[in-house]
Amino acid sequence: MTARPRRIIDLVDSRRPILVWEPGRPVPLYAFPEQDVRTDLLRKAAEPASGRHAGSTVFYDLEIDGEATRNAAWSYPGDELAGYISFEWFGRDVLDHWYEEEAEIFVHPRDPHKRVDAIPSSRHVQVEINGTVVADTRAPVLLFETQLPTRYYIPREDIRFGLLTATGLRTQCPYKGTATEYWSWAGPGDAPANVAWSYPDPLPAVREIKGLIAFYNEAVDIIVDGERRERPVSPFSGLFA
């Protein structure tokens, strides 16, 4: 496990990281032995972000060439994680790259209890938005991801792109890679923005979804083999409230 800030410095290089699940946080963080961290680049935080991480009160600013990133790292209270340091991942531009072995990882550490399987299918899948069919296929790839609803990835030739408009949004997933294509609804009626997406170059574990299009089940109507599925409740439901 290696973590690098913007100036191409190996800030962490460890073969002994551990995964930490903080209360109320659904995905893990890494904690590293202090001996594997460039602690010479850390300074006790000028304004500690107490309350941000599971009772932690000791925070560190990352200082490189006179530039400081506030509260970039912290230590946990108690004996169990004594001598370990964690770094920010979520929503803060602290480090540029994280690697497991030689593979770059994104967003957060991968959860070893989570599975993501992409399986080709012959089910008849239709997608409707405001009663208008925008996708109709008999060759979907079903993506099963722990704690998320089944996603139906649809070949491009079975999509009515005249009803969609590209948005330019880009997102990353630690299990699937980088989604560089998003679309919003351009047909009749209103629908949430960025309702469909694609991974042009997904990670090898889910290569079957390469270039296919998926829609948020939480925001559209999906019919599978003639059965209209209920819209699921998921961590993404808040995007469409």
# chains A, B, ... in the order shown; residues from 1 in each chain; ligands from 1
>>> residues_around(residues="Glu104 in chain A", least_positions_apart="6", cutoff="9 Å", atoms="only C-alpha atoms", output="list in words")
His97, Trp98 and Pro174 of chain A
>>> closest_atom_pairs(of="range 128-161 of chain A", to="range 186-200 of chain A", cutoff="12 Å", atoms="only C-alpha atoms", output="JSON lines")
{"residue": "A:Glu128", "atom": "CA", "partner": "A:Gly187", "partner_atom": "CA", "distance": 10.8}
{"residue": "A:Ile129", "atom": "CA", "partner": "A:Ala191", "partner_atom": "CA", "distance": 7.4}
{"residue": "A:Asn130", "atom": "CA", "partner": "A:Gly189", "partner_atom": "CA", "distance": 6.4}
{"residue": "A:Gly131", "atom": "CA", "partner": "A:Pro188", "partner_atom": "CA", "distance": 9.1}
{"residue": "A:Thr132", "atom": "CA", "partner": "A:Gly187", "partner_atom": "CA", "distance": 8.0}
{"residue": "A:Val133", "atom": "CA", "partner": "A:Gly187", "partner_atom": "CA", "distance": 10.1}
{"residue": "A:Val134", "atom": "CA", "partner": "A:Gly187", "partner_atom": "CA", "distance": 9.0}
{"residue": "A:Ala135", "atom": "CA", "partner": "A:Ala196", "partner_atom": "CA", "distance": 10.9}
{"residue": "A:Arg151", "atom": "CA", "partner": "A:Ala196", "partner_atom": "CA", "distance": 10.9}
{"residue": "A:Tyr152", "atom": "CA", "partner": "A:Ala196", "partner_atom": "CA", "distance": 10.7}
{"residue": "A:Tyr153", "atom": "CA", "partner": "A:Ser198", "partner_atom": "CA", "distance": 8.4}
{"residue": "A:Ile154", "atom": "CA", "partner": "A:Ser198", "partner_atom": "CA", "distance": 9.6}
{"residue": "A:Pro155", "atom": "CA", "partner": "A:Ser198", "partner_atom": "CA", "distance": 10.3}
{"residue": "A:Arg156", "atom": "CA", "partner": "A:Ser198", "partner_atom": "CA", "distance": 9.9}
{"residue": "A:Ile159", "atom": "CA", "partner": "A:Ala196", "partner_atom": "CA", "distance": 10.8}
{"residue": "A:Arg160", "atom": "CA", "partner": "A:Gly187", "partner_atom": "CA", "distance": 10.2}
{"residue": "A:Phe161", "atom": "CA", "partner": "A:Ala186", "partner_atom": "CA", "distance": 9.2}
>>> write_last_selection(atoms="N, CA, C and O atoms", output="mmCIF file, in the first residue's frame")
data_model
loop_
_atom_site.group_PDB
_atom_site.id
_atom_site.type_symbol
_atom_site.label_atom_id
_atom_site.label_comp_id
_atom_site.auth_asym_id
_atom_site.auth_seq_id
_atom_site.Cartn_x
_atom_site.Cartn_y
_atom_site.Cartn_z
ATOM 1 N N GLU A 128 -37.892 2.895 -18.656
ATOM 2 C CA GLU A 128 -38.836 3.968 -18.977
ATOM 3 C C GLU A 128 -38.547 5.189 -18.108
ATOM 4 O O GLU A 128 -38.216 5.064 -16.925
ATOM 5 N N ILE A 129 -38.696 6.364 -18.710
ATOM 6 C CA ILE A 129 -38.652 7.623 -17.981
ATOM 7 C C ILE A 129 -39.894 8.412 -18.364
ATOM 8 O O ILE A 129 -40.135 8.661 -19.550
ATOM 9 N N ASN A 130 -40.687 8.737 -17.376
ATOM 10 C CA ASN A 130 -41.957 9.442 -17.606
ATOM 11 C C ASN A 130 -42.821 8.727 -18.635
ATOM 12 O O ASN A 130 -43.476 9.351 -19.472
ATOM 13 N N GLY A 131 -42.809 7.386 -18.579
ATOM 14 C CA GLY A 131 -43.643 6.591 -19.472
ATOM 15 C C GLY A 131 -43.075 6.383 -20.854
ATOM 16 O O GLY A 131 -43.690 5.685 -21.676
ATOM 17 N N THR A 132 -41.923 6.936 -21.164
ATOM 18 C CA THR A 132 -41.288 6.784 -22.466
ATOM 19 C C THR A 132 -40.156 5.773 -22.374
ATOM 20 O O THR A 132 -39.288 5.865 -21.497
ATOM 21 N N VAL A 133 -40.152 4.792 -23.275
ATOM 22 C CA VAL A 133 -39.104 3.773 -23.272
ATOM 23 C C VAL A 133 -37.825 4.386 -23.843
ATOM 24 O O VAL A 133 -37.795 4.872 -24.978
ATOM 25 N N VAL A 134 -36.757 4.354 -23.047
ATOM 26 C CA VAL A 134 -35.471 4.900 -23.482
ATOM 27 C C VAL A 134 -34.458 3.799 -23.759
ATOM 28 O O VAL A 134 -33.458 4.023 -24.439
ATOM 29 N N ALA A 135 -34.730 2.587 -23.279
ATOM 30 C CA ALA A 135 -33.834 1.457 -23.521
ATOM 31 C C ALA A 135 -34.653 0.179 -23.569
ATOM 32 O O ALA A 135 -35.611 0.014 -22.798
ATOM 33 N N ARG A 151 -27.862 -3.515 -10.970
ATOM 34 C CA ARG A 151 -27.802 -2.549 -12.058
ATOM 35 C C ARG A 151 -27.859 -3.301 -13.380
ATOM 36 O O ARG A 151 -27.228 -4.358 -13.538
ATOM 37 N N TYR A 152 -28.585 -2.737 -14.331
ATOM 38 C CA TYR A 152 -28.758 -3.362 -15.639
ATOM 39 C C TYR A 152 -27.974 -2.548 -16.664
ATOM 40 O O TYR A 152 -28.342 -1.423 -17.003
ATOM 41 N N TYR A 153 -26.877 -3.113 -17.143
ATOM 42 C CA TYR A 153 -26.033 -2.446 -18.142
ATOM 43 C C TYR A 153 -26.486 -2.883 -19.531
ATOM 44 O O TYR A 153 -26.579 -4.082 -19.819
ATOM 45 N N ILE A 154 -26.740 -1.908 -20.389
ATOM 46 C CA ILE A 154 -27.452 -2.127 -21.646
ATOM 47 C C ILE A 154 -26.571 -1.748 -22.829
ATOM 48 O O ILE A 154 -25.923 -0.692 -22.810
ATOM 49 N N PRO A 155 -26.525 -2.581 -23.884
ATOM 50 C CA PRO A 155 -25.738 -2.240 -25.073
ATOM 51 C C PRO A 155 -26.190 -0.920 -25.690
ATOM 52 O O PRO A 155 -27.375 -0.574 -25.667
ATOM 53 N N ARG A 156 -25.254 -0.196 -26.252
ATOM 54 C CA ARG A 156 -25.546 1.123 -26.800
ATOM 55 C C ARG A 156 -26.564 1.081 -27.935
ATOM 56 O O ARG A 156 -27.352 2.018 -28.102
ATOM 57 N N ILE A 159 -30.154 1.664 -26.871
ATOM 58 C CA ILE A 159 -30.462 2.912 -26.178
ATOM 59 C C ILE A 159 -30.962 3.944 -27.177
ATOM 60 O O ILE A 159 -30.397 4.093 -28.262
ATOM 61 N N ARG A 160 -31.995 4.685 -26.817
ATOM 62 C CA ARG A 160 -32.494 5.788 -27.657
ATOM 63 C C ARG A 160 -31.761 7.067 -27.238
ATOM 64 O O ARG A 160 -32.242 7.847 -26.418
ATOM 65 N N PHE A 161 -30.586 7.266 -27.818
ATOM 66 C CA PHE A 161 -29.751 8.392 -27.402
ATOM 67 C C PHE A 161 -30.370 9.742 -27.752
ATOM 68 O O PHE A 161 -29.970 10.763 -27.179
#
>>> closest_residue(among="A:Val20, A:Val116, A:Leu95, A:Ile213", to="Gln147 in chain A", atoms="only C-alpha atoms")
A:Val116
>>> closest_residue(among="A:Gly168, A:Leu19, A:Arg70, A:Gly55", to="Asp111 in chain A", atoms="only C-alpha atoms")
A:Leu19
>>> closest_residue(among="A:Pro120, A:Pro28, A:Pro33, A:Pro140", to="Glu88 in chain A", atoms="only C-alpha atoms")
A:Pro28
>>> select_by_dssp(residues="range 19-162 of chain A", states="strand (DSSP E or B)", output="JSON, numbers by chain")
{"A": [19, 20, 29, 30, 31, 32, 33, 37, 42, 43, 44, 58, 59, 60, 61, 62, 63, 64, 67, 68, 69, 70, 71, 72, 73, 74, 75, 84, 85, 86, 87, 97, 98, 99, 100, 103, 104, 105, 116, 117, 118, 119, 120, 125, 126, 127, 128, 129, 132, 133, 134, 135, 136, 137, 141, 142, 143, 144, 145, 151, 152, 153, 154, 159]}
>>> closest_atom_pairs(of="range 60-94 of chain A", to="range 37-44 of chain A", cutoff="12 Å", atoms="only C-alpha atoms", output="Markdown table")
| residue | atom | partner | partner_atom | distance |
| --- | --- | --- | --- | --- |
| A:Tyr60 | CA | A:Lys44 | CA | 4.5 |
| A:Asp61 | CA | A:Arg43 | CA | 5.2 |
| A:Leu62 | CA | A:Leu42 | CA | 4.8 |
| A:Glu63 | CA | A:Leu41 | CA | 5.4 |
| A:Ile64 | CA | A:Leu41 | CA | 6.5 |
| A:Asp65 | CA | A:Leu41 | CA | 9.5 |
| A:Gly66 | CA | A:Leu41 | CA | 10.2 |
| A:Glu67 | CA | A:Leu41 | CA | 10.6 |
| A:Ala68 | CA | A:Arg43 | CA | 9.1 |
| A:Thr69 | CA | A:Leu42 | CA | 9.6 |
| A:Arg70 | CA | A:Arg43 | CA | 9.5 |
| A:Asn71 | CA | A:Lys44 | CA | 8.7 |
| A:Ala72 | CA | A:Leu42 | CA | 8.7 |
| A:Ala73 | CA | A:Leu42 | CA | 8.1 |
| A:Trp74 | CA | A:Lys44 | CA | 9.2 |
| A:Ser75 | CA | A:Lys44 | CA | 10.8 |
| A:Gly83 | CA | A:Val37 | CA | 10.8 |
| A:Tyr84 | CA | A:Val37 | CA | 9.2 |
| A:Ile85 | CA | A:Val37 | CA | 7.9 |
| A:Ser86 | CA | A:Val37 | CA | 9.7 |
| A:Phe87 | CA | A:Val37 | CA | 10.3 |
>>> residues_around(residues="Ser56 in chain A", least_positions_apart="4", cutoff="7 Å", atoms="only C-alpha atoms", output="JSON, numbers by chain")
{"A": [50, 51, 75, 76, 77]}
>>> closest_residue(among="A:Thr137, A:Ser184, A:Gln126, A:Ser234", to="Asp221 in chain A", atoms="only C-alpha atoms")
A:Gln126
>>> atom_distance(atom1="CA of Leu169 in chain A", atom2="CA of Arg228 in chain A")
28.8 Å
>>> atom_distance(atom1="CA of Gly238 in chain A", atom2="CA of Leu148 in chain A")
13.7 Å
>>> closest_residue(among="A:Val58, A:Glu157, A:Glu218, A:Pro204", to="Pro235 in chain A", atoms="only C-alpha atoms")
A:Glu218
>>> residues_around(residues="Arg138 in chain A", least_positions_apart="4", cutoff="6 Å", atoms="only C-alpha atoms", output="PyMOL selection string")
chain A and resi 122-124
>>> select_by_dssp(residues="range 15-230 of chain A", states="helix (DSSP H, G or I)", output="MDAnalysis selection string")
chainID A and resid 34:36 39:41 156:158 161:163 204:209
>>> atom_distance(atom1="CA of Ser237 in chain A", atom2="CA of Arg25 in chain A")
16.9 Å
>>> residues_around(residues="Pro202 in chain A", least_positions_apart="2", cutoff="10 Å", atoms="only C-alpha atoms", output="list in words")
Cys173, Tyr175, Lys176, Gly177, Thr178, Ala179, Ser198, Tyr199, Pro200, Pro204, Ala205, Val206, Arg207, Glu208, Ile209, Lys210 and Gly211 of chain A
>>> decode(residues="range 170-185 of chain A", atoms="all heavy atoms", output="compact mmCIF listing (two decimals), in the first residue's frame")
# COMPACT_ATOMS: atom_id res chain seq x y z
N ARG A 170 -17.94 13.17 -14.38
CA ARG A 170 -16.95 12.11 -14.25
C ARG A 170 -16.93 11.67 -12.79
O ARG A 170 -16.84 12.50 -11.89
CB ARG A 170 -15.58 12.64 -14.68
CG ARG A 170 -14.41 11.68 -14.48
CD ARG A 170 -13.11 12.42 -14.74
NE ARG A 170 -11.94 11.62 -14.48
CZ ARG A 170 -11.25 10.96 -15.40
NH1 ARG A 170 -11.64 11.02 -16.66
NH2 ARG A 170 -10.19 10.25 -15.08
N THR A 171 -17.03 10.36 -12.54
CA THR A 171 -16.97 9.84 -11.18
C THR A 171 -16.05 8.63 -11.14
O THR A 171 -15.72 8.04 -12.17
CB THR A 171 -18.36 9.45 -10.65
OG1 THR A 171 -18.87 8.36 -11.46
CG2 THR A 171 -19.33 10.62 -10.70
N GLN A 172 -15.67 8.25 -9.91
CA GLN A 172 -14.81 7.09 -9.73
C GLN A 172 -15.39 6.14 -8.70
O GLN A 172 -16.08 6.57 -7.76
CB GLN A 172 -13.41 7.52 -9.29
CG GLN A 172 -12.64 8.26 -10.37
CD GLN A 172 -11.26 8.68 -9.92
OE1 GLN A 172 -11.11 9.25 -8.85
NE2 GLN A 172 -10.25 8.38 -10.73
N CYS A 173 -15.11 4.86 -8.89
CA CYS A 173 -15.58 3.81 -7.99
C CYS A 173 -14.42 2.87 -7.71
O CYS A 173 -13.70 2.47 -8.65
CB CYS A 173 -16.73 3.04 -8.65
SG CYS A 173 -17.21 1.53 -7.76
N PRO A 174 -14.18 2.50 -6.45
CA PRO A 174 -13.05 1.61 -6.16
C PRO A 174 -13.22 0.21 -6.73
O PRO A 174 -12.23 -0.53 -6.82
CB PRO A 174 -13.01 1.58 -4.63
CG PRO A 174 -14.37 1.96 -4.20
CD PRO A 174 -14.90 2.91 -5.23
N TYR A 175 -14.43 -0.17 -7.10
CA TYR A 175 -14.69 -1.53 -7.58
C TYR A 175 -14.87 -1.60 -9.09
O TYR A 175 -14.68 -2.67 -9.68
CB TYR A 175 -15.94 -2.10 -6.91
CG TYR A 175 -15.89 -1.99 -5.41
CD1 TYR A 175 -16.61 -1.00 -4.75
CD2 TYR A 175 -15.09 -2.84 -4.65
CE1 TYR A 175 -16.55 -0.88 -3.36
CE2 TYR A 175 -15.02 -2.73 -3.28
CZ TYR A 175 -15.76 -1.74 -2.63
OH TYR A 175 -15.69 -1.61 -1.26
N LYS A 176 -15.25 -0.49 -9.73
CA LYS A 176 -15.55 -0.52 -11.16
C LYS A 176 -14.63 0.37 -12.00
O LYS A 176 -14.50 0.15 -13.19
CB LYS A 176 -17.02 -0.13 -11.39
CG LYS A 176 -18.00 -1.09 -10.72
CD LYS A 176 -19.44 -0.76 -11.05
CE LYS A 176 -19.93 0.50 -10.38
NZ LYS A 176 -20.01 0.36 -8.89
N GLY A 177 -14.03 1.38 -11.39
CA GLY A 177 -13.13 2.24 -12.15
C GLY A 177 -13.68 3.65 -12.29
O GLY A 177 -14.33 4.17 -11.38
N THR A 178 -13.48 4.26 -13.47
CA THR A 178 -13.87 5.65 -13.72
C THR A 178 -14.99 5.70 -14.75
O THR A 178 -14.83 5.20 -15.87
CB THR A 178 -12.67 6.47 -14.21
OG1 THR A 178 -11.62 6.40 -13.25
CG2 THR A 178 -13.05 7.92 -14.42
N ALA A 179 -16.09 6.30 -14.35
CA ALA A 179 -17.21 6.55 -15.28
C ALA A 179 -17.00 7.93 -15.88
O ALA A 179 -17.11 8.94 -15.19
CB ALA A 179 -18.54 6.47 -14.55
N THR A 180 -16.68 7.97 -17.15
CA THR A 180 -16.37 9.24 -17.81
C THR A 180 -17.51 9.72 -18.71
O THR A 180 -17.38 10.76 -19.35
CB THR A 180 -15.10 9.13 -18.65
OG1 THR A 180 -15.25 8.07 -19.61
CG2 THR A 180 -13.90 8.82 -17.76
N GLU A 181 -18.60 8.96 -18.75
CA GLU A 181 -19.75 9.36 -19.57
C GLU A 181 -21.02 9.34 -18.70
O GLU A 181 -21.32 8.33 -18.07
CB GLU A 181 -19.93 8.41 -20.75
CG GLU A 181 -18.77 8.44 -21.74
CD GLU A 181 -19.00 7.46 -22.88
OE1 GLU A 181 -19.11 6.25 -22.60
OE2 GLU A 181 -19.08 7.91 -24.04
N TYR A 182 -21.73 10.45 -18.69
CA TYR A 182 -23.02 10.55 -18.01
C TYR A 182 -24.01 11.22 -18.94
O TYR A 182 -23.63 12.04 -19.80
CB TYR A 182 -22.91 11.36 -16.71
CG TYR A 182 -22.55 10.54 -15.50
CD1 TYR A 182 -21.22 10.19 -15.25
CD2 TYR A 182 -23.52 10.11 -14.60
CE1 TYR A 182 -20.89 9.45 -14.13
CE2 TYR A 182 -23.18 9.37 -13.48
CZ TYR A 182 -21.87 9.04 -13.25
OH TYR A 182 -21.54 8.30 -12.14
N TRP A 183 -25.30 10.90 -18.75
CA TRP A 183 -26.37 11.49 -19.55
C TRP A 183 -27.53 11.92 -18.66
O TRP A 183 -27.83 11.26 -17.66
CB TRP A 183 -26.89 10.50 -20.58
CG TRP A 183 -25.92 10.12 -21.64
CD1 TRP A 183 -25.74 10.70 -22.87
CD2 TRP A 183 -24.95 9.05 -21.58
NE1 TRP A 183 -24.74 10.07 -23.56
CE2 TRP A 183 -24.24 9.05 -22.80
CE3 TRP A 183 -24.62 8.12 -20.59
CZ2 TRP A 183 -23.22 8.15 -23.07
CZ3 TRP A 183 -23.60 7.22 -20.86
CH2 TRP A 183 -22.92 7.23 -22.08
N SER A 184 -28.17 13.00 -19.06
CA SER A 184 -29.41 13.43 -18.43
C SER A 184 -30.56 13.23 -19.41
O SER A 184 -30.36 13.08 -20.62
CB SER A 184 -29.33 14.90 -18.01
OG SER A 184 -28.46 15.07 -16.92
N TRP A 185 -31.77 13.24 -18.88
CA TRP A 185 -32.98 13.04 -19.67
C TRP A 185 -33.25 14.27 -20.52
O TRP A 185 -33.22 15.40 -20.04
CB TRP A 185 -34.14 12.76 -18.73
CG TRP A 185 -35.49 12.60 -19.37
CD1 TRP A 185 -36.59 13.37 -19.14
CD2 TRP A 185 -35.89 11.58 -20.28
NE1 TRP A 185 -37.66 12.89 -19.85
CE2 TRP A 185 -37.26 11.79 -20.58
CE3 TRP A 185 -35.23 10.51 -20.90
CZ2 TRP A 185 -37.97 10.99 -21.46
CZ3 TRP A 185 -35.95 9.70 -21.76
CH2 TRP A 185 -37.29 9.94 -22.03
